[in-house]
Amino acid sequence: MCTQEGITQVGCWDHARRKFKDAQKGEKPPGMGTPVQKISLASTALAKIARLYSNEKVIKEATHDDKRQYRQQHSVPVLEEIKAWLDVNINWVELGSLIDNAIGYTLNQWPKLLIYCEDGLLNISNAAAENAIRPLTVGRRNWLFADTPEGARNSAIYYSLIESAKANELRPFEYIYYVPKELPYADMVEKLEKLLPWSVKAVFES
């Protein structure tokens with residue numbers, strides 16, 4: 001579906017990191033008299049992933065182009081190191097264990113987890129998107145059934161418009177009221193683009 005629609009999927013390092021945190025929590029603590037153990041695989045992975053997040057703090061306020069350049073120079077080498085580490089250790093962990101699940105998940109998502117380094121507009125995690133849809137998720141029991149596929153599609157369109165308006169600091173009601181009135185006159189792509197939340201902002205500020 002994504003390929004058909006020309007959409008590029010971006011992986012979320014928050015999800016990968018959470019798998020390793022679960023593995024770390026599932027480790028058995030050493031008993032009395034047990035020799036001090038080497039750092040666990042889960043802890044090692046988390047330390048490596050933490051370096052990626054440290055890089056993001058450095059470029060938090062940077063331009064999109066500067067973010068991309070910094071990631072290419074500083075994050076890509078870390079990603080290459082993590083990939084080599086994953087490839088080696090997937091062969092040594094217990095099948096079906098939490099650490100096996102964490103490493104396997106990260107390897108399966110690997111191409112998507114690299115994408116954020118290709119564009120400064122992208123983020124290392126999808127936390128912002130998840131926070132945006134959380135109100136809808138929390139209330140989904142209230143609108144569990146949309147009656148028809150078309151109704152579900154229309155609901156998704158309006159939810160997207162609402163959250164896009166909020167993300168662009170617009171008042172959702174004003175934006176949704178404005179767009180249907182102008183849509184019949186948008187007979188060209190350029191006119192449609194002017195109705196997008198980031199383009200129409202000037203209309204409400206004037």
# chains A, B, ... in the order shown; residues from 1 in each chain; ligands from 1
>>> residues_around(residues="Ile99 in chain A", least_positions_apart="4", cutoff="10 Å", atoms="only C-alpha atoms", output="short mmCIF file (atom, residue, chain, number, x, y, z; two decimals) with C-alpha atoms, in the first residue's frame")
data_model
loop_
_atom_site.label_atom_id
_atom_site.label_comp_id
_atom_site.auth_asym_id
_atom_site.auth_seq_id
_atom_site.Cartn_x
_atom_site.Cartn_y
_atom_site.Cartn_z
CA LYS A 19 12.19 -3.79 23.16
CA PHE A 20 15.68 -3.69 24.65
CA LYS A 21 14.38 -2.05 27.83
CA ASP A 22 11.90 -4.91 28.20
CA ALA A 23 14.77 -7.37 27.73
CA GLN A 24 16.83 -5.51 30.33
CA GLY A 26 13.55 -9.34 32.21
CA GLU A 27 17.12 -10.14 33.14
CA SER A 40 24.33 -7.50 29.38
CA LEU A 41 23.45 -7.48 25.69
CA ALA A 42 20.35 -5.40 26.39
CA ALA A 45 22.31 -2.11 22.91
CA ASN A 89 24.57 -11.30 18.45
CA ILE A 90 21.39 -12.56 16.81
CA VAL A 93 20.92 -15.37 21.94
CA GLU A 94 18.32 -17.85 23.14
CA LEU A 95 15.58 -18.30 20.56
CA ILE A 103 17.33 -7.88 18.19
CA GLY A 104 15.00 -9.58 15.70
CA TYR A 105 12.56 -6.67 15.75
#
>>> residues_around(residues="range 62-78 of chain A", least_positions_apart="3", cutoff="7 Å", atoms="only C-alpha atoms", output="list in words")
Leu52, Asn55, Ile59, Glu81, Ile82, Cys117, Glu118, Asp119, Gly120 and Leu121 of chain A
>>> closest_residue(among="A:Pro111, A:Gly11, A:Gly96, A:Pro197", to="Ile162 in chain A", atoms="only C-alpha atoms")
A:Pro197
>>> closest_residue(among="A:Ile124, A:Ala16, A:Lys25, A:Tyr178", to="Lys57 in chain A", atoms="only C-alpha atoms")
A:Ile124
>>> select_by_dssp(residues="range 1-200 of chain A", states="alpha helix (DSSP H)", output="mmCIF file with N, CA and C atoms, in the first residue's frame")
data_model
loop_
_atom_site.group_PDB
_atom_site.id
_atom_site.type_symbol
_atom_site.label_atom_id
_atom_site.label_comp_id
_atom_site.auth_asym_id
_atom_site.auth_seq_id
_atom_site.Cartn_x
_atom_site.Cartn_y
_atom_site.Cartn_z
ATOM 1 N N TRP A 13 12.757 4.676 16.494
ATOM 2 C CA TRP A 13 13.755 4.147 17.412
ATOM 3 C C TRP A 13 13.214 4.029 18.836
ATOM 4 N N ASP A 14 12.160 4.755 19.166
ATOM 5 C CA ASP A 14 11.537 4.581 20.484
ATOM 6 C C ASP A 14 11.035 3.145 20.650
ATOM 7 N N HIS A 15 10.444 2.613 19.580
ATOM 8 C CA HIS A 15 9.914 1.253 19.644
ATOM 9 C C HIS A 15 11.033 0.224 19.776
ATOM 10 N N ALA A 16 12.096 0.416 19.001
ATOM 11 C CA ALA A 16 13.227 -0.511 19.087
ATOM 12 C C ALA A 16 13.858 -0.443 20.476
ATOM 13 N N ARG A 17 14.042 0.759 20.966
ATOM 14 C CA ARG A 17 14.647 0.930 22.295
ATOM 15 C C ARG A 17 13.802 0.284 23.376
ATOM 16 N N ARG A 18 12.477 0.383 23.241
ATOM 17 C CA ARG A 18 11.574 -0.194 24.238
ATOM 18 C C ARG A 18 11.729 -1.712 24.311
ATOM 19 N N LYS A 19 11.983 -2.349 23.169
ATOM 20 C CA LYS A 19 12.188 -3.795 23.157
ATOM 21 C C LYS A 19 13.406 -4.183 24.000
ATOM 22 N N PHE A 20 14.474 -3.403 23.877
ATOM 23 C CA PHE A 20 15.684 -3.694 24.648
ATOM 24 C C PHE A 20 15.486 -3.372 26.130
ATOM 25 N N LYS A 21 14.678 -2.349 26.437
ATOM 26 C CA LYS A 21 14.379 -2.052 27.827
ATOM 27 C C LYS A 21 13.594 -3.188 28.460
ATOM 28 N N ASP A 22 12.661 -3.760 27.704
ATOM 29 C CA ASP A 22 11.904 -4.914 28.196
ATOM 30 C C ASP A 22 12.845 -6.089 28.468
ATOM 31 N N ALA A 23 13.804 -6.288 27.557
ATOM 32 C CA ALA A 23 14.772 -7.373 27.731
ATOM 33 C C ALA A 23 15.631 -7.117 28.963
ATOM 34 N N GLN A 24 16.002 -5.861 29.171
ATOM 35 C CA GLN A 24 16.831 -5.511 30.331
ATOM 36 C C GLN A 24 16.068 -5.758 31.632
ATOM 37 N N LYS A 25 14.781 -5.393 31.651
ATOM 38 C CA LYS A 25 13.961 -5.611 32.842
ATOM 39 C C LYS A 25 13.763 -7.101 33.121
ATOM 40 N N LEU A 41 23.673 -7.871 27.083
ATOM 41 C CA LEU A 41 23.452 -7.478 25.695
ATOM 42 C C LEU A 41 22.433 -6.349 25.599
ATOM 43 N N ALA A 42 21.382 -6.437 26.426
ATOM 44 C CA ALA A 42 20.346 -5.397 26.395
ATOM 45 C C ALA A 42 20.933 -4.046 26.795
ATOM 46 N N SER A 43 21.738 -4.032 27.840
ATOM 47 C CA SER A 43 22.355 -2.783 28.292
ATOM 48 C C SER A 43 23.328 -2.236 27.258
ATOM 49 N N THR A 44 24.040 -3.140 26.598
ATOM 50 C CA THR A 44 24.972 -2.718 25.552
ATOM 51 C C THR A 44 24.215 -2.051 24.408
ATOM 52 N N ALA A 45 23.117 -2.673 24.001
ATOM 53 C CA ALA A 45 22.309 -2.109 22.912
ATOM 54 C C ALA A 45 21.757 -0.746 23.294
ATOM 55 N N LEU A 46 21.267 -0.619 24.521
ATOM 56 C CA LEU A 46 20.694 0.648 24.969
ATOM 57 C C LEU A 46 21.749 1.758 25.001
ATOM 58 N N ALA A 47 22.961 1.398 25.369
ATOM 59 C CA ALA A 47 24.045 2.386 25.386
ATOM 60 C C ALA A 47 24.351 2.880 23.975
ATOM 61 N N LYS A 48 24.317 1.960 23.019
ATOM 62 C CA LYS A 48 24.585 2.344 21.625
ATOM 63 C C LYS A 48 23.455 3.222 21.087
ATOM 64 N N ILE A 49 22.226 2.847 21.379
ATOM 65 C CA ILE A 49 21.070 3.622 20.913
ATOM 66 C C ILE A 49 21.062 5.007 21.556
ATOM 67 N N ALA A 50 21.527 5.084 22.808
ATOM 68 C CA ALA A 50 21.565 6.371 23.504
ATOM 69 C C ALA A 50 22.450 7.372 22.769
ATOM 70 N N ARG A 51 23.459 6.896 22.081
ATOM 71 C CA ARG A 51 24.337 7.784 21.318
ATOM 72 C C ARG A 51 23.571 8.452 20.176
ATOM 73 N N LEU A 52 22.617 7.723 19.571
ATOM 74 C CA LEU A 52 21.791 8.298 18.510
ATOM 75 C C LEU A 52 20.931 9.440 19.062
ATOM 76 N N TYR A 53 20.366 9.224 20.250
ATOM 77 C CA TYR A 53 19.518 10.246 20.860
ATOM 78 C C TYR A 53 20.340 11.447 21.331
ATOM 79 N N SER A 54 21.570 11.193 21.760
ATOM 80 C CA SER A 54 22.450 12.297 22.147
ATOM 81 C C SER A 54 22.729 13.206 20.953
ATOM 82 N N ASN A 55 22.894 12.599 19.796
ATOM 83 C CA ASN A 55 23.105 13.383 18.579
ATOM 84 C C ASN A 55 21.897 14.260 18.276
ATOM 85 N N GLU A 56 20.715 13.730 18.522
ATOM 86 C CA GLU A 56 19.499 14.499 18.244
ATOM 87 C C GLU A 56 19.378 15.718 19.164
ATOM 88 N N LYS A 57 19.873 15.596 20.391
ATOM 89 C CA LYS A 57 19.841 16.742 21.310
ATOM 90 C C LYS A 57 20.736 17.871 20.797
ATOM 91 N N VAL A 58 21.839 17.477 20.189
ATOM 92 C CA VAL A 58 22.785 18.470 19.680
ATOM 93 C C VAL A 58 22.154 19.309 18.575
ATOM 94 N N HIS A 64 16.801 21.997 8.911
ATOM 95 C CA HIS A 64 16.622 20.650 8.368
ATOM 96 C C HIS A 64 17.869 20.183 7.620
ATOM 97 N N ASP A 65 18.474 21.086 6.873
ATOM 98 C CA ASP A 65 19.665 20.720 6.111
ATOM 99 C C ASP A 65 20.837 20.407 7.047
ATOM 100 N N ASP A 66 20.979 21.214 8.090
ATOM 101 C CA ASP A 66 22.056 20.973 9.057
ATOM 102 C C ASP A 66 21.838 19.674 9.818
ATOM 103 N N LYS A 67 20.570 19.367 10.107
ATOM 104 C CA LYS A 67 20.266 18.105 10.785
ATOM 105 C C LYS A 67 20.701 16.926 9.929
ATOM 106 N N ARG A 68 20.375 16.983 8.656
ATOM 107 C CA ARG A 68 20.738 15.886 7.762
ATOM 108 C C ARG A 68 22.253 15.717 7.697
ATOM 109 N N GLN A 69 22.962 16.817 7.551
ATOM 110 C CA GLN A 69 24.415 16.750 7.448
ATOM 111 C C GLN A 69 25.032 16.201 8.728
ATOM 112 N N TYR A 70 24.529 16.640 9.867
ATOM 113 C CA TYR A 70 25.069 16.165 11.143
ATOM 114 C C TYR A 70 24.815 14.678 11.322
ATOM 115 N N VAL A 76 25.131 8.116 11.236
ATOM 116 C CA VAL A 76 25.277 6.989 10.316
ATOM 117 C C VAL A 76 26.377 6.024 10.774
ATOM 118 N N PRO A 77 27.557 6.507 11.210
ATOM 119 C CA PRO A 77 28.574 5.581 11.717
ATOM 120 C C PRO A 77 28.093 4.769 12.925
ATOM 121 N N VAL A 78 27.305 5.408 13.801
ATOM 122 C CA VAL A 78 26.755 4.690 14.956
ATOM 123 C C VAL A 78 25.779 3.620 14.494
ATOM 124 N N LEU A 79 24.962 3.955 13.513
ATOM 125 C CA LEU A 79 24.013 2.990 12.960
ATOM 126 C C LEU A 79 24.737 1.800 12.340
ATOM 127 N N GLU A 80 25.812 2.060 11.648
ATOM 128 C CA GLU A 80 26.602 0.973 11.060
ATOM 129 C C GLU A 80 27.175 0.077 12.150
ATOM 130 N N GLU A 81 27.602 0.679 13.238
ATOM 131 C CA GLU A 81 28.137 -0.081 14.373
ATOM 132 C C GLU A 81 27.051 -0.941 15.007
ATOM 133 N N ILE A 82 25.866 -0.353 15.174
ATOM 134 C CA ILE A 82 24.739 -1.096 15.763
ATOM 135 C C ILE A 82 24.351 -2.272 14.872
ATOM 136 N N LYS A 83 24.301 -2.038 13.567
ATOM 137 C CA LYS A 83 23.915 -3.110 12.642
ATOM 138 C C LYS A 83 24.904 -4.272 12.714
ATOM 139 N N ALA A 84 26.187 -3.982 12.747
ATOM 140 C CA ALA A 84 27.191 -5.040 12.837
ATOM 141 C C ALA A 84 27.034 -5.809 14.145
ATOM 142 N N TRP A 85 26.751 -5.095 15.223
ATOM 143 C CA TRP A 85 26.547 -5.719 16.537
ATOM 144 C C TRP A 85 25.319 -6.628 16.526
ATOM 145 N N LEU A 86 24.242 -6.169 15.923
ATOM 146 C CA LEU A 86 23.012 -6.964 15.835
ATOM 147 C C LEU A 86 23.241 -8.241 15.034
ATOM 148 N N ASP A 87 23.911 -8.104 13.910
ATOM 149 C CA ASP A 87 24.160 -9.254 13.035
ATOM 150 C C ASP A 87 24.948 -10.352 13.745
ATOM 151 N N VAL A 88 25.876 -9.953 14.591
ATOM 152 C CA VAL A 88 26.699 -10.933 15.314
ATOM 153 C C VAL A 88 25.886 -11.591 16.431
ATOM 154 N N ASN A 89 25.198 -10.780 17.219
ATOM 155 C CA ASN A 89 24.574 -11.296 18.446
ATOM 156 C C ASN A 89 23.258 -12.018 18.219
ATOM 157 N N LEU A 98 13.545 -12.528 25.335
ATOM 158 C CA LEU A 98 13.254 -11.109 25.163
ATOM 159 C C LEU A 98 14.343 -10.401 24.358
ATOM 160 N N ILE A 99 15.595 -10.785 24.587
ATOM 161 C CA ILE A 99 16.676 -10.145 23.833
ATOM 162 C C ILE A 99 16.657 -10.603 22.379
ATOM 163 N N ASP A 100 16.254 -11.842 22.146
ATOM 164 C CA ASP A 100 16.101 -12.325 20.766
ATOM 165 C C ASP A 100 15.001 -11.541 20.055
ATOM 166 N N ASN A 101 13.924 -11.299 20.777
ATOM 167 C CA ASN A 101 12.813 -10.521 20.221
ATOM 168 C C ASN A 101 13.252 -9.092 19.900
ATOM 169 N N ALA A 102 14.046 -8.494 20.797
ATOM 170 C CA ALA A 102 14.507 -7.121 20.600
ATOM 171 C C ALA A 102 15.435 -7.007 19.395
ATOM 172 N N ILE A 103 16.385 -7.917 19.312
ATOM 173 C CA ILE A 103 17.329 -7.881 18.193
ATOM 174 C C ILE A 103 16.616 -8.194 16.885
ATOM 175 N N GLY A 104 15.741 -9.203 16.911
ATOM 176 C CA GLY A 104 15.004 -9.579 15.702
ATOM 177 C C GLY A 104 14.117 -8.460 15.205
ATOM 178 N N TYR A 105 13.430 -7.785 16.126
ATOM 179 C CA TYR A 105 12.559 -6.667 15.747
ATOM 180 C C TYR A 105 13.379 -5.556 15.091
ATOM 181 N N THR A 106 14.503 -5.219 15.689
ATOM 182 C CA THR A 106 15.334 -4.129 15.169
ATOM 183 C C THR A 106 15.888 -4.465 13.790
ATOM 184 N N LEU A 107 16.308 -5.710 13.593
ATOM 185 C CA LEU A 107 16.817 -6.122 12.285
ATOM 186 C C LEU A 107 15.716 -6.107 11.229
ATOM 187 N N ASN A 108 14.522 -6.533 11.612
ATOM 188 C CA ASN A 108 13.397 -6.536 10.662
ATOM 189 C C ASN A 108 13.004 -5.114 10.254
ATOM 190 N N TRP A 110 15.130 -2.582 10.211
ATOM 191 C CA TRP A 110 16.351 -1.840 9.953
ATOM 192 C C TRP A 110 16.275 -0.822 8.802
ATOM 193 N N PRO A 111 15.822 -1.210 7.611
ATOM 194 C CA PRO A 111 15.775 -0.212 6.518
ATOM 195 C C PRO A 111 14.958 1.021 6.883
ATOM 196 N N LYS A 112 13.879 0.816 7.631
ATOM 197 C CA LYS A 112 13.018 1.932 8.022
ATOM 198 C C LYS A 112 13.674 2.777 9.122
ATOM 199 N N LEU A 113 14.507 2.139 9.944
ATOM 200 C CA LEU A 113 15.152 2.851 11.041
ATOM 201 C C LEU A 113 16.292 3.747 10.563
ATOM 202 N N LEU A 114 16.717 3.557 9.316
ATOM 203 C CA LEU A 114 17.792 4.373 8.750
ATOM 204 C C LEU A 114 17.278 5.650 8.086
ATOM 205 N N ALA A 127 7.081 9.803 18.231
ATOM 206 C CA ALA A 127 6.393 10.201 19.456
ATOM 207 C C ALA A 127 5.422 11.344 19.214
ATOM 208 N N ALA A 128 5.824 12.311 18.385
ATOM 209 C CA ALA A 128 4.951 13.455 18.115
ATOM 210 C C ALA A 128 3.654 13.014 17.443
ATOM 211 N N ALA A 129 3.773 12.078 16.493
ATOM 212 C CA ALA A 129 2.579 11.574 15.806
ATOM 213 C C ALA A 129 1.683 10.797 16.774
ATOM 214 N N GLU A 130 2.310 9.998 17.637
ATOM 215 C CA GLU A 130 1.525 9.225 18.602
ATOM 216 C C GLU A 130 0.806 10.143 19.585
ATOM 217 N N ASN A 131 1.478 11.211 20.000
ATOM 218 C CA ASN A 131 0.837 12.159 20.913
ATOM 219 C C ASN A 131 -0.347 12.855 20.244
ATOM 220 N N ALA A 132 -0.210 13.081 18.929
ATOM 221 C CA ALA A 132 -1.282 13.760 18.198
ATOM 222 C C ALA A 132 -2.533 12.896 18.095
ATOM 223 N N ILE A 133 -2.354 11.592 17.935
ATOM 224 C CA ILE A 133 -3.515 10.712 17.771
ATOM 225 C C ILE A 133 -4.006 10.131 19.095
ATOM 226 N N ARG A 134 -3.287 10.414 20.194
ATOM 227 C CA ARG A 134 -3.677 9.837 21.485
ATOM 228 C C ARG A 134 -5.105 10.205 21.883
ATOM 229 N N PRO A 135 -5.555 11.465 21.705
ATOM 230 C CA PRO A 135 -6.950 11.768 22.062
ATOM 231 C C PRO A 135 -7.949 10.908 21.303
ATOM 232 N N LEU A 136 -7.633 10.603 20.045
ATOM 233 C CA LEU A 136 -8.533 9.759 19.259
ATOM 234 C C LEU A 136 -8.484 8.323 19.760
ATOM 235 N N THR A 137 -7.293 7.877 20.130
ATOM 236 C CA THR A 137 -7.138 6.503 20.620
ATOM 237 C C THR A 137 -7.847 6.315 21.947
ATOM 238 N N VAL A 138 -7.705 7.304 22.818
ATOM 239 C CA VAL A 138 -8.348 7.225 24.129
ATOM 240 C C VAL A 138 -9.864 7.174 23.990
ATOM 241 N N PRO A 149 -17.559 1.528 5.401
ATOM 242 C CA PRO A 149 -16.161 1.864 5.054
ATOM 243 C C PRO A 149 -16.004 3.323 4.661
ATOM 244 N N GLU A 150 -17.008 3.862 3.964
ATOM 245 C CA GLU A 150 -16.940 5.258 3.547
ATOM 246 C C GLU A 150 -16.981 6.185 4.758
ATOM 247 N N GLY A 151 -17.794 5.794 5.742
ATOM 248 C CA GLY A 151 -17.860 6.596 6.964
ATOM 249 C C GLY A 151 -16.533 6.592 7.698
ATOM 250 N N ALA A 152 -15.896 5.425 7.739
ATOM 251 C CA ALA A 152 -14.586 5.322 8.399
ATOM 252 C C ALA A 152 -13.551 6.170 7.667
ATOM 253 N N ARG A 153 -13.605 6.145 6.339
ATOM 254 C CA ARG A 153 -12.667 6.933 5.535
ATOM 255 C C ARG A 153 -12.870 8.426 5.783
ATOM 256 N N ASN A 154 -14.119 8.855 5.803
ATOM 257 C CA ASN A 154 -14.413 10.270 6.041
ATOM 258 C C ASN A 154 -13.979 10.707 7.436
ATOM 259 N N SER A 155 -14.176 9.818 8.411
ATOM 260 C CA SER A 155 -13.740 10.128 9.771
ATOM 261 C C SER A 155 -12.229 10.316 9.807
ATOM 262 N N ALA A 156 -11.507 9.427 9.123
ATOM 263 C CA ALA A 156 -10.041 9.519 9.092
ATOM 264 C C ALA A 156 -9.585 10.829 8.459
ATOM 265 N N ILE A 157 -10.302 11.259 7.430
ATOM 266 C CA ILE A 157 -9.960 12.531 6.766
ATOM 267 C C ILE A 157 -10.135 13.698 7.730
ATOM 268 N N TYR A 158 -11.241 13.713 8.450
ATOM 269 C CA TYR A 158 -11.487 14.818 9.372
ATOM 270 C C TYR A 158 -10.524 14.794 10.559
ATOM 271 N N TYR A 159 -10.212 13.592 11.061
ATOM 272 C CA TYR A 159 -9.239 13.511 12.155
ATOM 273 C C TYR A 159 -7.890 14.050 11.691
ATOM 274 N N SER A 160 -7.514 13.725 10.460
ATOM 275 C CA SER A 160 -6.238 14.195 9.917
ATOM 276 C C SER A 160 -6.241 15.716 9.764
ATOM 277 N N LEU A 161 -7.369 16.257 9.287
ATOM 278 C CA LEU A 161 -7.484 17.716 9.138
ATOM 279 C C LEU A 161 -7.379 18.417 10.485
ATOM 280 N N ILE A 162 -8.028 17.845 11.481
ATOM 281 C CA ILE A 162 -8.026 18.453 12.812
ATOM 282 C C ILE A 162 -6.609 18.490 13.390
ATOM 283 N N GLU A 163 -5.920 17.343 13.337
ATOM 284 C CA GLU A 163 -4.580 17.279 13.921
ATOM 285 C C GLU A 163 -3.571 18.091 13.107
ATOM 286 N N SER A 164 -3.760 18.145 11.780
ATOM 287 C CA SER A 164 -2.863 18.955 10.944
ATOM 288 C C SER A 164 -3.052 20.440 11.245
ATOM 289 N N ALA A 165 -4.299 20.837 11.466
ATOM 290 C CA ALA A 165 -4.579 22.226 11.813
ATOM 291 C C ALA A 165 -3.925 22.580 13.153
ATOM 292 N N LYS A 166 -4.066 21.694 14.124
ATOM 293 C CA LYS A 166 -3.469 21.928 15.443
ATOM 294 C C LYS A 166 -1.953 22.000 15.351
ATOM 295 N N ALA A 167 -1.366 21.129 14.528
ATOM 296 C CA ALA A 167 0.088 21.107 14.377
ATOM 297 C C ALA A 167 0.604 22.395 13.750
ATOM 298 N N PRO A 172 -8.898 24.363 14.773
ATOM 299 C CA PRO A 172 -9.478 23.321 13.927
ATOM 300 C C PRO A 172 -10.850 23.674 13.354
ATOM 301 N N PHE A 173 -11.734 24.250 14.192
ATOM 302 C CA PHE A 173 -13.086 24.563 13.703
ATOM 303 C C PHE A 173 -13.031 25.573 12.567
ATOM 304 N N GLU A 174 -12.222 26.634 12.750
ATOM 305 C CA GLU A 174 -12.134 27.658 11.711
ATOM 306 C C GLU A 174 -11.568 27.081 10.425
ATOM 307 N N TYR A 175 -10.565 26.221 10.550
ATOM 308 C CA TYR A 175 -9.943 25.645 9.362
ATOM 309 C C TYR A 175 -10.909 24.715 8.620
ATOM 310 N N ILE A 176 -11.588 23.848 9.363
ATOM 311 C CA ILE A 176 -12.517 22.903 8.731
ATOM 312 C C ILE A 176 -13.721 23.638 8.135
ATOM 313 N N TYR A 177 -14.105 24.758 8.739
ATOM 314 C CA TYR A 177 -15.196 25.565 8.191
ATOM 315 C C TYR A 177 -14.756 26.265 6.907
ATOM 316 N N TYR A 178 -13.493 26.663 6.866
ATOM 317 C CA TYR A 178 -12.961 27.424 5.726
ATOM 318 C C TYR A 178 -12.739 26.545 4.491
ATOM 319 N N VAL A 179 -12.157 25.367 4.683
ATOM 320 C CA VAL A 179 -11.761 24.524 3.548
ATOM 321 C C VAL A 179 -12.928 24.111 2.659
ATOM 322 N N PRO A 180 -14.045 23.596 3.189
ATOM 323 C CA PRO A 180 -15.149 23.194 2.296
ATOM 324 C C PRO A 180 -15.719 24.352 1.476
ATOM 325 N N LYS A 181 -15.639 25.570 2.024
ATOM 326 C CA LYS A 181 -16.151 26.723 1.281
ATOM 327 C C LYS A 181 -15.254 27.052 0.090
ATOM 328 N N GLU A 182 -13.942 26.857 0.249
ATOM 329 C CA GLU A 182 -12.999 27.207 -0.802
ATOM 330 C C GLU A 182 -12.719 26.060 -1.762
ATOM 331 N N VAL A 189 -4.035 22.227 -9.071
ATOM 332 C CA VAL A 189 -3.209 21.696 -7.983
ATOM 333 C C VAL A 189 -2.677 22.823 -7.106
ATOM 334 N N GLU A 190 -2.258 23.918 -7.740
ATOM 335 C CA GLU A 190 -1.713 25.047 -6.992
ATOM 336 C C GLU A 190 -2.740 25.607 -6.014
ATOM 337 N N LYS A 191 -4.011 25.641 -6.430
ATOM 338 C CA LYS A 191 -5.058 26.159 -5.559
ATOM 339 C C LYS A 191 -5.349 25.192 -4.408
ATOM 340 N N LEU A 192 -5.264 23.891 -4.697
ATOM 341 C CA LEU A 192 -5.451 22.901 -3.645
ATOM 342 C C LEU A 192 -4.344 23.007 -2.601
ATOM 343 N N GLU A 193 -3.126 23.218 -3.078
ATOM 344 C CA GLU A 193 -1.990 23.330 -2.162
ATOM 345 C C GLU A 193 -2.136 24.534 -1.243
ATOM 346 N N PRO A 197 -2.892 23.215 5.536
ATOM 347 C CA PRO A 197 -2.777 23.975 6.794
ATOM 348 C C PRO A 197 -1.582 24.921 6.845
ATOM 349 N N TRP A 198 -0.431 24.478 6.348
ATOM 350 C CA TRP A 198 0.761 25.313 6.407
ATOM 351 C C TRP A 198 0.736 26.444 5.375
ATOM 352 N N SER A 199 -0.151 26.320 4.383
ATOM 353 C CA SER A 199 -0.257 27.367 3.367
ATOM 354 C C SER A 199 -1.349 28.379 3.700
ATOM 355 N N VAL A 200 -2.382 27.920 4.353
ATOM 356 C CA VAL A 200 -3.548 28.769 4.591
ATOM 357 C C VAL A 200 -3.379 29.597 5.873
#
